[in-house]
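**Q** Below is one structure. I have some questions about it.
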Amino acid sequence: MDISFSPASAGDADELARLREEAMRESLERIGRFDPARARARLLDGFSPAHTRWILRDGARVGFLVLKPQDDALLLEHLYIRPGSQGSGTGAAVLRAVFAEADARRQPLRVGALRESDSNRFYARHGFRLVRQEEFDNHYVRQPADAA
């Protein structure tokens, strides 16, 4: 499996929103909060092509991530893998690349996850520590390797 990244552009917004909806649908339906318009708006309201990368597996677009610098950390604002590509090691490979960036910057990495989403187990399994819970979201942090 070959994982690589390519930059997203402003013209990719609709495709990114569709992929996010596809990836989040089951988790949002589970808690009775699936609303396609809200899901689309949540992504597009803060859309930053400069911080968005397509995830390519063997050359095909299977997901995307949004990694934004903050004053004291990196924020993994979005990480979505198409349902048919989940469970194949793609997400773990993406995290290894993101961890390398955070470690090189010697900055913590932050991420949020819908409370009822399977992604909570995924992030915990990869070394993120739960730091805050809200009504619908959990927030995690991973310290850089040299500070762990």
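Residues are named by chain letter and number: chains run A, B, ... in the order of the structure tokens, numbers start at 1 in each chain, and ligands are numbered from 1 in the order shown.
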Going by DSSP on the backbone, which bits of stretch 16-120 of chain A are helix (DSSP H, G or I)? Write them as an MDAnalysis selection string, please.
**A** chainID A and resid 16:30 36:44 49:51 83:85 90:105 119:120
**Q** Print the selection's residues with C-alpha atoms to a file, as a PDB file, in the first residue's frame.
**A**
ATOM      1  CA  LEU A  16     -14.386  17.239   0.003  1.00  0.00           C
ATOM      2  CA  ALA A  17     -17.793  18.003   1.500  1.00  0.00           C
ATOM      3  CA  ARG A  18     -19.297  14.895  -0.123  1.00  0.00           C
ATOM      4  CA  LEU A  19     -16.467  12.722   1.192  1.00  0.00           C
ATOM      5  CA  ARG A  20     -16.886  14.145   4.711  1.00  0.00           C
ATOM      6  CA  GLU A  21     -20.614  13.446   4.604  1.00  0.00           C
ATOM      7  CA  GLU A  22     -19.979   9.888   3.432  1.00  0.00           C
ATOM      8  CA  ALA A  23     -17.406   9.270   6.169  1.00  0.00           C
ATOM      9  CA  MET A  24     -19.452  10.860   8.989  1.00  0.00           C
ATOM     10  CA  ARG A  25     -22.927   9.702   8.068  1.00  0.00           C
ATOM     11  CA  GLU A  26     -23.068   6.521  10.175  1.00  0.00           C
ATOM     12  CA  SER A  27     -21.699   8.190  13.320  1.00  0.00           C
ATOM     13  CA  LEU A  28     -24.025  11.172  12.980  1.00  0.00           C
ATOM     14  CA  GLU A  29     -27.052   8.975  12.317  1.00  0.00           C
ATOM     15  CA  ARG A  30     -26.206   6.941  15.421  1.00  0.00           C
ATOM     16  CA  PRO A  36     -26.408  16.961   5.120  1.00  0.00           C
ATOM     17  CA  ALA A  37     -26.644  20.760   5.027  1.00  0.00           C
ATOM     18  CA  ARG A  38     -25.059  21.132   8.459  1.00  0.00           C
ATOM     19  CA  ALA A  39     -22.344  18.575   7.630  1.00  0.00           C
ATOM     20  CA  ARG A  40     -21.497  20.466   4.457  1.00  0.00           C
ATOM     21  CA  ALA A  41     -21.513  23.861   6.178  1.00  0.00           C
ATOM     22  CA  ARG A  42     -19.300  22.644   9.011  1.00  0.00           C
ATOM     23  CA  LEU A  43     -16.564  21.780   6.551  1.00  0.00           C
ATOM     24  CA  LEU A  44     -16.980  24.680   4.138  1.00  0.00           C
ATOM     25  CA  PRO A  49      -7.265  24.881   0.717  1.00  0.00           C
ATOM     26  CA  ALA A  50      -3.748  25.808   1.894  1.00  0.00           C
ATOM     27  CA  HIS A  51      -4.105  23.434   4.869  1.00  0.00           C
ATOM     28  CA  PRO A  83     -15.816   4.002   4.492  1.00  0.00           C
ATOM     29  CA  GLY A  84     -14.693   1.402   1.939  1.00  0.00           C
ATOM     30  CA  SER A  85     -11.062   2.288   2.641  1.00  0.00           C
ATOM     31  CA  THR A  90      -4.581   4.026   5.685  1.00  0.00           C
ATOM     32  CA  GLY A  91      -5.480   6.143   8.721  1.00  0.00           C
ATOM     33  CA  ALA A  92      -2.515   4.816  10.686  1.00  0.00           C
ATOM     34  CA  ALA A  93      -0.174   5.641   7.795  1.00  0.00           C
ATOM     35  CA  VAL A  94      -1.618   9.157   7.610  1.00  0.00           C
ATOM     36  CA  LEU A  95      -1.120   9.636  11.354  1.00  0.00           C
ATOM     37  CA  ARG A  96       2.516   8.541  11.096  1.00  0.00           C
ATOM     38  CA  ALA A  97       3.108  11.294   8.528  1.00  0.00           C
ATOM     39  CA  VAL A  98       1.263  13.893  10.616  1.00  0.00           C
ATOM     40  CA  PHE A  99       3.143  12.797  13.751  1.00  0.00           C
ATOM     41  CA  ALA A 100       6.433  13.296  11.909  1.00  0.00           C
ATOM     42  CA  GLU A 101       5.408  16.877  11.080  1.00  0.00           C
ATOM     43  CA  ALA A 102       4.344  17.643  14.647  1.00  0.00           C
ATOM     44  CA  ASP A 103       7.509  16.031  16.049  1.00  0.00           C
ATOM     45  CA  ALA A 104       9.721  18.013  13.651  1.00  0.00           C
ATOM     46  CA  ARG A 105       8.046  21.213  14.865  1.00  0.00           C
ATOM     47  CA  SER A 119     -12.548   7.467  15.687  1.00  0.00           C
ATOM     48  CA  ASN A 120     -12.235   7.871  19.477  1.00  0.00           C
TER      49      ASN A 120
END
**Q** Using DSSP assignments from the backbone, pull out every residue in stretch 6-92 of chain A that falls under strand (DSSP E or B) and give it to me as a PDB file with C-alpha atoms, in the first residue's frame.
**A**
ATOM      1  CA  SER A   6      -1.613  15.979  -2.823  1.00  0.00           C
ATOM      2  CA  PRO A   7      -2.719  19.536  -2.166  1.00  0.00           C
ATOM      3  CA  THR A  52      -6.032  20.659   3.111  1.00  0.00           C
ATOM      4  CA  ARG A  53      -4.447  17.587   1.552  1.00  0.00           C
ATOM      5  CA  TRP A  54      -5.933  14.707  -0.338  1.00  0.00           C
ATOM      6  CA  ILE A  55      -4.948  11.277   0.932  1.00  0.00           C
ATOM      7  CA  LEU A  56      -3.965   9.019  -1.948  1.00  0.00           C
ATOM      8  CA  ARG A  57      -3.696   5.269  -1.641  1.00  0.00           C
ATOM      9  CA  ALA A  60      -6.536   7.051  -5.770  1.00  0.00           C
ATOM     10  CA  ARG A  61      -8.196   9.660  -3.549  1.00  0.00           C
ATOM     11  CA  VAL A  62      -9.424   7.820  -0.466  1.00  0.00           C
ATOM     12  CA  GLY A  63      -9.694  10.680   1.995  1.00  0.00           C
ATOM     13  CA  PHE A  64      -8.413  14.029   3.109  1.00  0.00           C
ATOM     14  CA  LEU A  65      -6.948  15.820   6.078  1.00  0.00           C
ATOM     15  CA  VAL A  66      -6.818  19.404   7.250  1.00  0.00           C
ATOM     16  CA  LEU A  67      -3.783  20.283   9.346  1.00  0.00           C
ATOM     17  CA  LYS A  68      -3.661  23.846  10.668  1.00  0.00           C
ATOM     18  CA  PRO A  69      -0.854  25.499  12.602  1.00  0.00           C
ATOM     19  CA  LEU A  74      -0.889  21.723  15.225  1.00  0.00           C
ATOM     20  CA  LEU A  75      -4.605  21.094  14.861  1.00  0.00           C
ATOM     21  CA  LEU A  76      -5.695  18.048  12.907  1.00  0.00           C
ATOM     22  CA  GLU A  77      -9.016  19.697  12.149  1.00  0.00           C
ATOM     23  CA  HIS A  78     -10.300  16.993   9.811  1.00  0.00           C
ATOM     24  CA  LEU A  79      -9.244  13.469   8.907  1.00  0.00           C
ATOM     25  CA  TYR A  80     -11.682  11.474   6.822  1.00  0.00           C
ATOM     26  CA  ILE A  81     -11.216   8.178   5.023  1.00  0.00           C
TER      27      ILE A  81
END
**Q** Quick check, in Å to one decimal: how far apart do atom CA of A:Gly87 and atom CA of A:Asn138 lie?
**A**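 Between atom CA of A:Gly87 and atom CA of A:Asn138 the gap works out to 21.3 Å.
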**Q** Go through A:Phe47, A:Met1, A:Tyr140, A:Gln133 one by one, measure the shortest atom-to-atom distance of each to A:Arg121 using only C-alpha atoms, and give the residue with the smallest value.
**A**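 Closest candidate: A:Tyr140.
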**Q** What is the distance, in Å and to one decimal place, between atom CA of A:Pro144 and atom CA of A:Arg125?
**A**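 Computing the Euclidean distance for atom CA of A:Pro144 and atom CA of A:Arg125 yields 15.9 Å.
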**Q** Using atom CA of A:Ala13 and atom CA of A:Asp45 as the two end points, give the distance in Å to one decimal.
**A** 10.6 Å
**Q** Using only C-alpha atoms, which protein or nucleic acid residues come within 9 Å of A:Arg129? Drop anything in the same chain fewer than 4 positions from it, and give the result as a PyMOL selection string.
**A** chain A and resi 123-124+139-143
**Q** Can I get the selection written as a PDB file, in the first residue's frame, with N, CA, C and O atoms?
**A**
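Final output, part_36.pdb:
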ATOM      1  N   TYR A 123      -7.999   7.214  17.739  1.00  0.00           N
ATOM      2  CA  TYR A 123      -7.067   8.216  18.262  1.00  0.00           C
ATOM      3  C   TYR A 123      -6.421   7.752  19.568  1.00  0.00           C
ATOM      4  O   TYR A 123      -5.218   7.930  19.758  1.00  0.00           O
ATOM      5  N   ALA A 124      -7.186   7.154  20.450  1.00  0.00           N
ATOM      6  CA  ALA A 124      -6.618   6.651  21.714  1.00  0.00           C
ATOM      7  C   ALA A 124      -5.570   5.573  21.437  1.00  0.00           C
ATOM      8  O   ALA A 124      -4.504   5.550  22.058  1.00  0.00           O
ATOM      9  N   HIS A 139     -12.037  15.944  22.817  1.00  0.00           N
ATOM     10  CA  HIS A 139     -10.838  16.621  22.339  1.00  0.00           C
ATOM     11  C   HIS A 139      -9.615  15.907  22.909  1.00  0.00           C
ATOM     12  O   HIS A 139      -9.568  15.599  24.101  1.00  0.00           O
ATOM     13  N   TYR A 140      -8.643  15.683  22.023  1.00  0.00           N
ATOM     14  CA  TYR A 140      -7.453  14.904  22.363  1.00  0.00           C
ATOM     15  C   TYR A 140      -6.197  15.704  22.050  1.00  0.00           C
ATOM     16  O   TYR A 140      -6.211  16.619  21.229  1.00  0.00           O
ATOM     17  N   VAL A 141      -5.098  15.305  22.693  1.00  0.00           N
ATOM     18  CA  VAL A 141      -3.794  15.872  22.385  1.00  0.00           C
ATOM     19  C   VAL A 141      -2.757  14.748  22.377  1.00  0.00           C
ATOM     20  O   VAL A 141      -2.872  13.771  23.122  1.00  0.00           O
ATOM     21  N   ARG A 142      -1.781  14.902  21.522  1.00  0.00           N
ATOM     22  CA  ARG A 142      -0.619  14.004  21.478  1.00  0.00           C
ATOM     23  C   ARG A 142       0.611  14.911  21.564  1.00  0.00           C
ATOM     24  O   ARG A 142       0.766  15.837  20.769  1.00  0.00           O
ATOM     25  N   GLN A 143       1.457  14.644  22.537  1.00  0.00           N
ATOM     26  CA  GLN A 143       2.674  15.418  22.707  1.00  0.00           C
ATOM     27  C   GLN A 143       3.711  14.970  21.668  1.00  0.00           C
ATOM     28  O   GLN A 143       3.721  13.819  21.236  1.00  0.00           O
TER      29      GLN A 143
END
